[in-house]
$ cat input.cif   # mmCIF, C-alpha atoms
data_start
#
loop_
_atom_site.label_atom_id
_atom_site.label_comp_id
_atom_site.auth_asym_id
_atom_site.auth_seq_id
_atom_site.Cartn_x
_atom_site.Cartn_y
_atom_site.Cartn_z
CA MET A 233 0.00 0.00 0.00
CA THR A 234 1.43 3.38 -0.96
CA GLN A 235 1.78 6.04 1.70
CA ASP A 236 0.08 9.21 0.47
CA GLU A 237 -0.89 12.34 2.36
CA HIS A 238 -4.32 10.92 3.24
CA LYS A 239 -2.88 8.01 5.20
CA GLU A 240 -1.06 9.87 7.93
CA GLY A 241 -4.06 10.11 10.23
CA ILE A 242 -3.99 12.57 13.12
CA LYS A 243 -0.25 13.20 12.60
CA GLY A 244 -0.93 14.44 9.10
CA MET A 245 -3.92 16.47 10.24
CA VAL A 246 -2.00 18.40 12.91
CA ASN A 247 1.11 18.99 10.81
CA PRO A 248 1.18 22.82 10.58
CA SER A 249 3.59 22.77 7.63
CA ARG A 250 1.05 21.11 5.36
CA TYR A 251 -2.31 22.78 5.89
CA GLY A 252 -1.06 25.96 7.48
CA ILE A 253 -1.18 27.51 10.92
CA GLU A 254 -4.98 27.93 10.64
CA ARG A 255 -5.49 24.18 10.64
CA PHE A 256 -3.08 23.83 13.56
CA ALA A 257 -5.05 26.53 15.45
CA TYR A 258 -8.33 24.71 14.70
CA TRP A 259 -6.89 21.49 16.12
CA LEU A 260 -5.33 23.25 19.14
CA MET A 261 -8.60 25.09 19.86
CA ARG A 262 -10.43 21.77 20.18
CA LEU A 263 -7.65 20.11 22.15
CA THR A 264 -7.44 22.99 24.65
CA GLY A 265 -11.24 23.10 24.88
CA LEU A 266 -11.39 19.43 25.85
CA GLY A 267 -8.49 19.89 28.28
CA LEU A 268 -10.16 22.86 29.94
CA LEU A 269 -13.48 21.00 30.23
CA ALA A 270 -11.68 18.08 31.90
CA TYR A 271 -9.95 20.52 34.29
CA PHE A 272 -13.23 22.32 35.01
CA ILE A 273 -14.94 19.04 35.98
CA GLY A 274 -11.93 18.14 38.14
CA HIS A 275 -11.95 21.60 39.73
CA ILE A 276 -15.65 21.30 40.64
CA TYR A 277 -14.90 17.95 42.28
CA GLU A 278 -11.74 19.34 43.97
CA THR A 279 -13.55 22.31 45.51
CA SER A 280 -16.40 20.11 46.76
CA ASN A 281 -13.87 18.79 49.31
CA ILE A 282 -14.52 21.94 51.34
CA LEU A 283 -17.69 20.17 52.54
CA ARG A 284 -15.46 17.59 54.26
CA GLY A 285 -14.24 20.25 56.66
CA GLN A 286 -10.72 21.53 57.34
CA VAL A 287 -9.14 18.06 57.54
CA GLY A 288 -10.69 16.93 54.25
CA TRP A 289 -9.73 20.19 52.52
CA ASN A 290 -6.12 20.02 53.72
CA GLU A 291 -5.86 16.35 52.71
CA PHE A 292 -6.95 17.24 49.19
CA LEU A 293 -4.61 20.25 49.03
CA GLU A 294 -1.71 17.93 49.86
CA LEU A 295 -2.59 15.96 46.72
CA THR A 296 -2.89 18.96 44.39
CA GLN A 297 -0.32 21.42 45.78
CA THR A 298 2.66 19.42 44.58
CA THR A 299 5.25 19.93 41.84
CA GLU A 300 3.17 17.78 39.47
CA GLY A 301 0.00 19.65 40.46
CA HIS A 302 1.65 23.00 39.77
CA ALA A 303 2.97 21.75 36.41
CA ILE A 304 -0.55 20.63 35.43
CA LEU A 305 -1.94 24.01 36.54
CA ALA A 306 0.68 25.80 34.41
CA ILE A 307 -0.46 23.80 31.37
CA VAL A 308 -4.08 24.68 32.22
CA ILE A 309 -3.12 28.39 32.33
CA ALA A 310 -1.50 28.11 28.89
CA MET A 311 -4.53 26.26 27.49
CA CYS A 312 -6.86 28.87 28.98
CA VAL A 313 -4.98 31.83 27.49
CA PHE A 314 -4.63 30.23 24.06
CA HIS A 315 -8.32 29.23 24.01
CA THR A 316 -9.38 32.76 25.02
CA VAL A 317 -7.19 34.72 22.61
CA ASN A 318 -7.80 32.38 19.68
CA GLY A 319 -11.52 32.32 20.56
CA VAL A 320 -11.67 36.12 20.29
CA ARG A 321 -9.95 35.86 16.88
CA VAL A 322 -12.49 33.26 15.72
CA MET A 323 -15.39 35.41 16.98
CA LEU A 324 -14.05 38.46 15.12
CA GLY A 325 -13.63 36.34 11.99
CA HIS A 326 -17.21 35.05 12.25
CA GLY A 327 -18.33 38.67 12.58
CA GLY A 328 -16.54 39.52 9.34
CA ILE A 329 -13.74 41.48 11.00
CA GLY A 330 -10.27 41.03 9.51
CA VAL A 331 -11.34 38.59 6.79
CA GLY A 332 -10.99 40.94 3.80
CA LYS A 333 -13.53 42.06 1.23
CA PRO A 334 -15.53 39.59 -0.90
CA ALA A 335 -13.95 39.20 -4.34
CA ARG A 336 -14.13 36.93 -7.40
CA PRO A 337 -12.17 33.71 -6.75
CA ASP A 338 -9.19 33.69 -9.11
CA TYR A 339 -6.24 31.33 -9.47
CA PRO A 340 -4.41 30.35 -7.20
CA TYR A 341 -7.61 30.59 -5.12
CA GLU A 342 -6.05 31.84 -1.92
CA PRO A 343 -8.82 32.43 0.61
CA ALA A 344 -8.97 36.10 1.61
CA SER A 345 -9.95 35.13 5.16
CA GLN A 346 -6.64 33.31 5.74
CA ASN A 347 -4.60 36.49 5.74
CA TYR A 348 -1.71 37.91 7.79
CA ARG A 349 -4.06 39.51 10.37
CA HIS A 350 -5.43 36.14 11.45
CA LYS A 351 -2.00 34.53 11.27
CA ILE A 352 -0.70 37.23 13.64
CA GLY A 353 -3.71 36.50 15.90
CA ILE A 354 -2.82 32.81 16.08
CA TYR A 355 0.88 33.41 16.73
CA SER A 356 -0.03 36.02 19.37
CA ALA A 357 -2.28 33.47 21.10
CA ILE A 358 0.59 30.97 21.24
CA VAL A 359 3.10 33.56 22.52
CA LEU A 360 0.69 34.94 25.15
CA ALA A 361 -0.10 31.39 26.32
CA ALA A 362 3.63 30.74 26.80
CA ILE A 363 4.10 34.03 28.72
CA ALA A 364 1.08 33.32 30.95
CA MET A 365 2.38 29.82 31.65
CA MET A 366 5.78 31.19 32.70
CA TYR A 367 4.11 33.79 34.91
CA GLY A 368 1.95 31.07 36.49
CA LEU A 369 5.04 28.95 37.15
CA ALA A 370 6.78 31.95 38.74
CA VAL A 371 3.79 32.58 41.03
CA MET A 372 3.37 28.93 42.04
CA PHE A 373 7.04 28.02 42.50
CA GLY A 374 8.15 31.45 43.64
CA GLU A 375 6.53 31.05 47.06
CA MET B 1378 -33.14 25.63 19.12
CA ARG B 1379 -31.48 27.00 15.97
CA GLU B 1380 -27.72 26.46 15.67
CA SER B 1381 -27.21 30.20 15.05
CA THR B 1382 -28.86 30.95 18.41
CA ILE B 1383 -26.76 28.27 20.11
CA MET B 1384 -23.58 29.82 18.68
CA LYS B 1385 -24.61 33.25 19.97
CA ILE B 1386 -25.07 31.70 23.42
CA HIS B 1387 -21.69 29.99 23.00
CA TYR B 1388 -19.93 33.28 22.27
CA GLY B 1389 -21.89 35.21 24.90
CA THR B 1390 -21.02 32.71 27.64
CA ALA B 1391 -17.37 32.80 26.53
CA LEU B 1392 -17.07 36.59 26.81
CA ALA B 1393 -18.89 36.75 30.14
CA ALA B 1394 -16.82 33.86 31.53
CA VAL B 1395 -13.52 35.52 30.53
CA ALA B 1396 -14.41 38.63 32.56
CA LEU B 1397 -15.59 36.70 35.63
CA VAL B 1398 -12.78 34.12 35.59
CA ALA B 1399 -10.30 37.02 35.44
CA VAL B 1400 -11.79 38.34 38.71
CA HIS B 1401 -11.68 34.80 40.20
CA ILE B 1402 -7.97 34.42 39.33
CA LEU B 1403 -7.10 37.94 40.52
CA MET B 1404 -8.59 37.04 43.91
CA ARG B 1405 -6.00 34.20 44.15
CA LEU B 1406 -3.16 36.56 43.21
CA THR B 1407 -4.04 39.55 45.41
CA GLN B 1408 -3.90 37.38 48.53
CA GLY B 1409 -0.90 35.30 47.61
CA PHE B 1410 -1.52 31.96 45.89
CA ALA B 1411 -0.88 29.58 48.83
CA GLU B 1412 -2.65 31.78 51.43
CA SER B 1413 -5.73 32.12 49.23
CA LEU B 1414 -6.11 28.33 49.22
CA GLU B 1415 -6.11 28.00 53.01
CA TYR B 1416 -9.32 26.58 54.48
CA ASP B 1417 -10.40 29.75 56.30
CA SER B 1418 -9.73 31.94 53.28
CA VAL B 1419 -11.71 29.68 50.92
CA LEU B 1420 -14.55 29.42 53.46
CA ALA B 1421 -14.66 33.22 53.76
CA ASN B 1422 -14.89 33.50 49.98
CA TYR B 1423 -17.89 31.14 49.88
CA LYS B 1424 -19.61 32.97 52.74
CA PHE B 1425 -19.28 36.34 51.02
CA ILE B 1426 -22.56 36.36 49.08
CA PRO B 1427 -21.49 38.52 46.07
CA TYR B 1428 -18.45 36.27 45.54
CA ALA B 1429 -20.55 33.10 45.95
CA ALA B 1430 -23.03 34.51 43.40
CA MET B 1431 -20.14 35.16 41.02
CA LEU B 1432 -18.88 31.58 41.47
CA GLU B 1433 -22.40 30.28 40.69
CA LEU B 1434 -22.50 32.44 37.55
CA ILE B 1435 -19.05 31.21 36.44
CA LEU B 1436 -20.22 27.63 37.04
CA ILE B 1437 -23.28 28.08 34.82
CA LEU B 1438 -21.44 30.01 32.08
CA LEU B 1439 -18.54 27.55 31.84
CA ALA B 1440 -20.78 24.49 32.02
CA VAL B 1441 -22.97 25.81 29.18
CA HIS B 1442 -19.93 26.85 27.10
CA GLY B 1443 -17.90 23.72 27.84
CA PHE B 1444 -20.59 21.13 27.16
CA ASN B 1445 -21.83 22.96 24.06
CA GLY B 1446 -18.22 22.96 22.83
CA LEU B 1447 -18.02 19.20 23.48
CA ARG B 1448 -21.33 18.76 21.59
CA VAL B 1449 -19.94 20.68 18.59
CA ILE B 1450 -16.74 18.58 18.55
CA LEU B 1451 -18.72 15.32 18.75
CA LEU B 1452 -21.10 16.44 15.99
CA GLU B 1453 -18.14 17.27 13.75
CA LEU B 1454 -16.83 13.73 14.15
CA LYS B 1455 -20.00 11.90 13.15
CA GLN B 1456 -23.51 12.72 11.97
CA GLY B 1457 -26.86 10.95 12.02
CA ARG B 1458 -30.28 11.63 13.53
CA THR B 1459 -29.98 9.23 16.49
CA TYR B 1460 -26.33 10.07 17.13
CA GLU B 1461 -26.95 13.82 17.08
CA LYS B 1462 -29.89 13.52 19.50
CA ALA B 1463 -27.89 11.27 21.82
CA VAL B 1464 -24.96 13.71 21.84
CA SER B 1465 -27.15 16.80 22.37
CA TYR B 1466 -29.20 15.28 25.20
CA GLY B 1467 -26.14 13.61 26.72
CA CYS B 1468 -24.26 16.93 26.85
CA LEU B 1469 -27.33 18.69 28.26
CA ALA B 1470 -27.67 16.06 30.99
CA ALA B 1471 -23.97 16.28 31.88
CA MET B 1472 -24.21 20.08 32.00
CA VAL B 1473 -27.20 19.98 34.36
CA ALA B 1474 -25.49 17.36 36.57
CA LEU B 1475 -22.30 19.45 36.84
CA ILE B 1476 -24.21 22.65 37.63
CA ALA B 1477 -26.23 20.79 40.28
CA TYR B 1478 -23.08 19.31 41.87
CA GLY B 1479 -21.22 22.62 41.86
CA SER B 1480 -24.24 24.54 43.16
CA ARG B 1481 -24.53 22.04 46.01
CA THR B 1482 -20.97 22.94 47.12
CA ILE B 1483 -21.59 26.69 46.84
CA ILE B 1484 -24.97 26.67 48.63
CA MET B 1485 -23.98 24.27 51.44
CA THR B 1486 -20.71 26.08 52.13
CA ASN B 1487 -22.39 29.48 52.03
CA MET B 1488 -24.97 28.24 54.57
CA GLY B 1489 -22.24 26.92 56.87
CA MET B 1490 -23.07 23.22 56.34
CA THR B 1491 -19.39 22.10 56.34
#
$ encode --input "input.cif" --output "structure tokens"
Amino acid sequence: MTQDEHKEGIKGMVNPSRYGIERFAYWLMRLTGLGLLAYFIGHIYETSNILRGQVGWNEFLELTQTTEGHAILAIVIAMCVFHTVNGVRVMLGHGGIGVGKPARPDYPYEPASQNYRHKIGIYSAIVLAAIAMMYGLAVMFGE
Amino acid sequence: MRESTIMKIHYGTALAAVALVAVHILMRLTQGFAESLEYDSVLANYKFIPYAAMLELILILLAVHGFNGLRVILLELKQGRTYEKAVSYGCLAAMVALIAYGSRTIIMTNMGMT
């Protein structure tokens, strides 16, 4: 069986060099969304330990306030910032902001919506997520 | 409900949640991260009614946004009348269950039932 571009599965789908940074952002938006939903459910369960009183709360804090717990929280911060900034970009795009004017499709059929403004938005989301993660790490490990 | 209306709700909940979650995180940072997680500090937060109301609002906004997002992802993967209904009602049920569980924590702690 020959290996063509359609047989690479998820690896091919997420490869930003093939379908562009927009496709990578689409994939990352869904991945961070699922990650944040998982964290949110965990956070609701985590905070419910307050009903177990001071002993129960402190026992649970001992589990989460560890190096691993802080590392996971730093990843959550990065996911949160990327999801927010990229989400604002997507909302603006859906509202017709920054997607260019409608025009006749001519060869080489480059979509006007996939322009430098949105590319800058995606790269900004990634950079801001990295900065927020570093700041989070400094706050959590700096104490 | 029309998908266009659902997407408006999706975006509306996102924007509102960003503002409120920012306040929630700033509360952790103004006090000092470790101190803000101490039992007495967390209990005081829950007993302060405006803050408890904000937590309840964040819970509802994020549950609606999160489970609608999950529904959209699942509907992109596969389509079909039965599948779509199962996904939509499943996500709705999970959303209601999470809001109920989170509200239980907020209400009981606010009323001093710890």
$ atom_distance --input "input.cif" --atom1 "CA of Leu1452 (chain B)" --atom2 "CA of Cys1468 (chain B)"
11.3 Å
$ atom_distance --input "input.cif" --atom1 "CA of Phe1444 (chain B)" --atom2 "CA of Ala1393 (chain B)"
16.0 Å
$ closest_residue --input "input.cif" --among "A:Leu305, A:Met311, A:Ile363, A:Ile276" --to "chain B" --atoms "all atoms listed in the file"
A:Ile276
$ atom_distance --input "input.cif" --atom1 "CA of Arg284 (chain A)" --atom2 "CA of Gln297 (chain A)"
17.8 Å
$ interface_residues --input "input.cif" --of "chain B" --to "chain A" --cutoff "10 Å" --atoms "all atoms listed in the file" --output "NGL selection string"
:B and (1385 or 1388 or 1391-1392 or 1394-1395 or 1406 or 1409-1411 or 1414-1417 or 1419-1420 or 1423 or 1436 or 1439-1440 or 1442-1444 or 1446-1447 or 1449-1450 or 1475-1476 or 1478-1483 or 1485-1486 or 1489-1491)
$ residues_around --input "input.cif" --residues "Ala1429 (chain B)" --least-positions-apart "3" --cutoff "10 Å" --atoms "all atoms listed in the file" --output "VMD selection string"
chain B and resid 1421 to 1426 1432 to 1435 1480 1483 to 1484 1486 to 1487
$ write_last_selection --input "input.cif" --atoms "C-alpha atoms" --output "mmCIF file, in the frame of the given file"
data_model
loop_
_atom_site.group_PDB
_atom_site.id
_atom_site.type_symbol
_atom_site.label_atom_id
_atom_site.label_comp_id
_atom_site.auth_asym_id
_atom_site.auth_seq_id
_atom_site.Cartn_x
_atom_site.Cartn_y
_atom_site.Cartn_z
ATOM 1 C CA ALA B 1421 -14.660 33.220 53.760
ATOM 2 C CA ASN B 1422 -14.890 33.500 49.980
ATOM 3 C CA TYR B 1423 -17.890 31.140 49.880
ATOM 4 C CA LYS B 1424 -19.610 32.970 52.740
ATOM 5 C CA PHE B 1425 -19.280 36.340 51.020
ATOM 6 C CA ILE B 1426 -22.560 36.360 49.080
ATOM 7 C CA LEU B 1432 -18.880 31.580 41.470
ATOM 8 C CA GLU B 1433 -22.400 30.280 40.690
ATOM 9 C CA LEU B 1434 -22.500 32.440 37.550
ATOM 10 C CA ILE B 1435 -19.050 31.210 36.440
ATOM 11 C CA SER B 1480 -24.240 24.540 43.160
ATOM 12 C CA ILE B 1483 -21.590 26.690 46.840
ATOM 13 C CA ILE B 1484 -24.970 26.670 48.630
ATOM 14 C CA THR B 1486 -20.710 26.080 52.130
ATOM 15 C CA ASN B 1487 -22.390 29.480 52.030
#
$ resolve_selection --input "input.cif" --expression "the PyMOL selection byres ((chain A and resi 332) around 7)" --output "tab-separated table (two decimals) with C-alpha atoms, keeping the file's coordinate frame"
chain	number	residue	atom	x	y	z
A	330	GLY	CA	-10.27	41.03	9.51
A	331	VAL	CA	-11.34	38.59	6.79
A	333	LYS	CA	-13.53	42.06	1.23
A	334	PRO	CA	-15.53	39.59	-0.90
A	344	ALA	CA	-8.97	36.10	1.61
A	345	SER	CA	-9.95	35.13	5.16
$ resolve_selection --input "input.cif" --expression "the PyMOL selection byres ((chain A and resi 356) around 12)" --output "ChimeraX atom specification"
/A:257,313-318,320-321,348-355,357-364
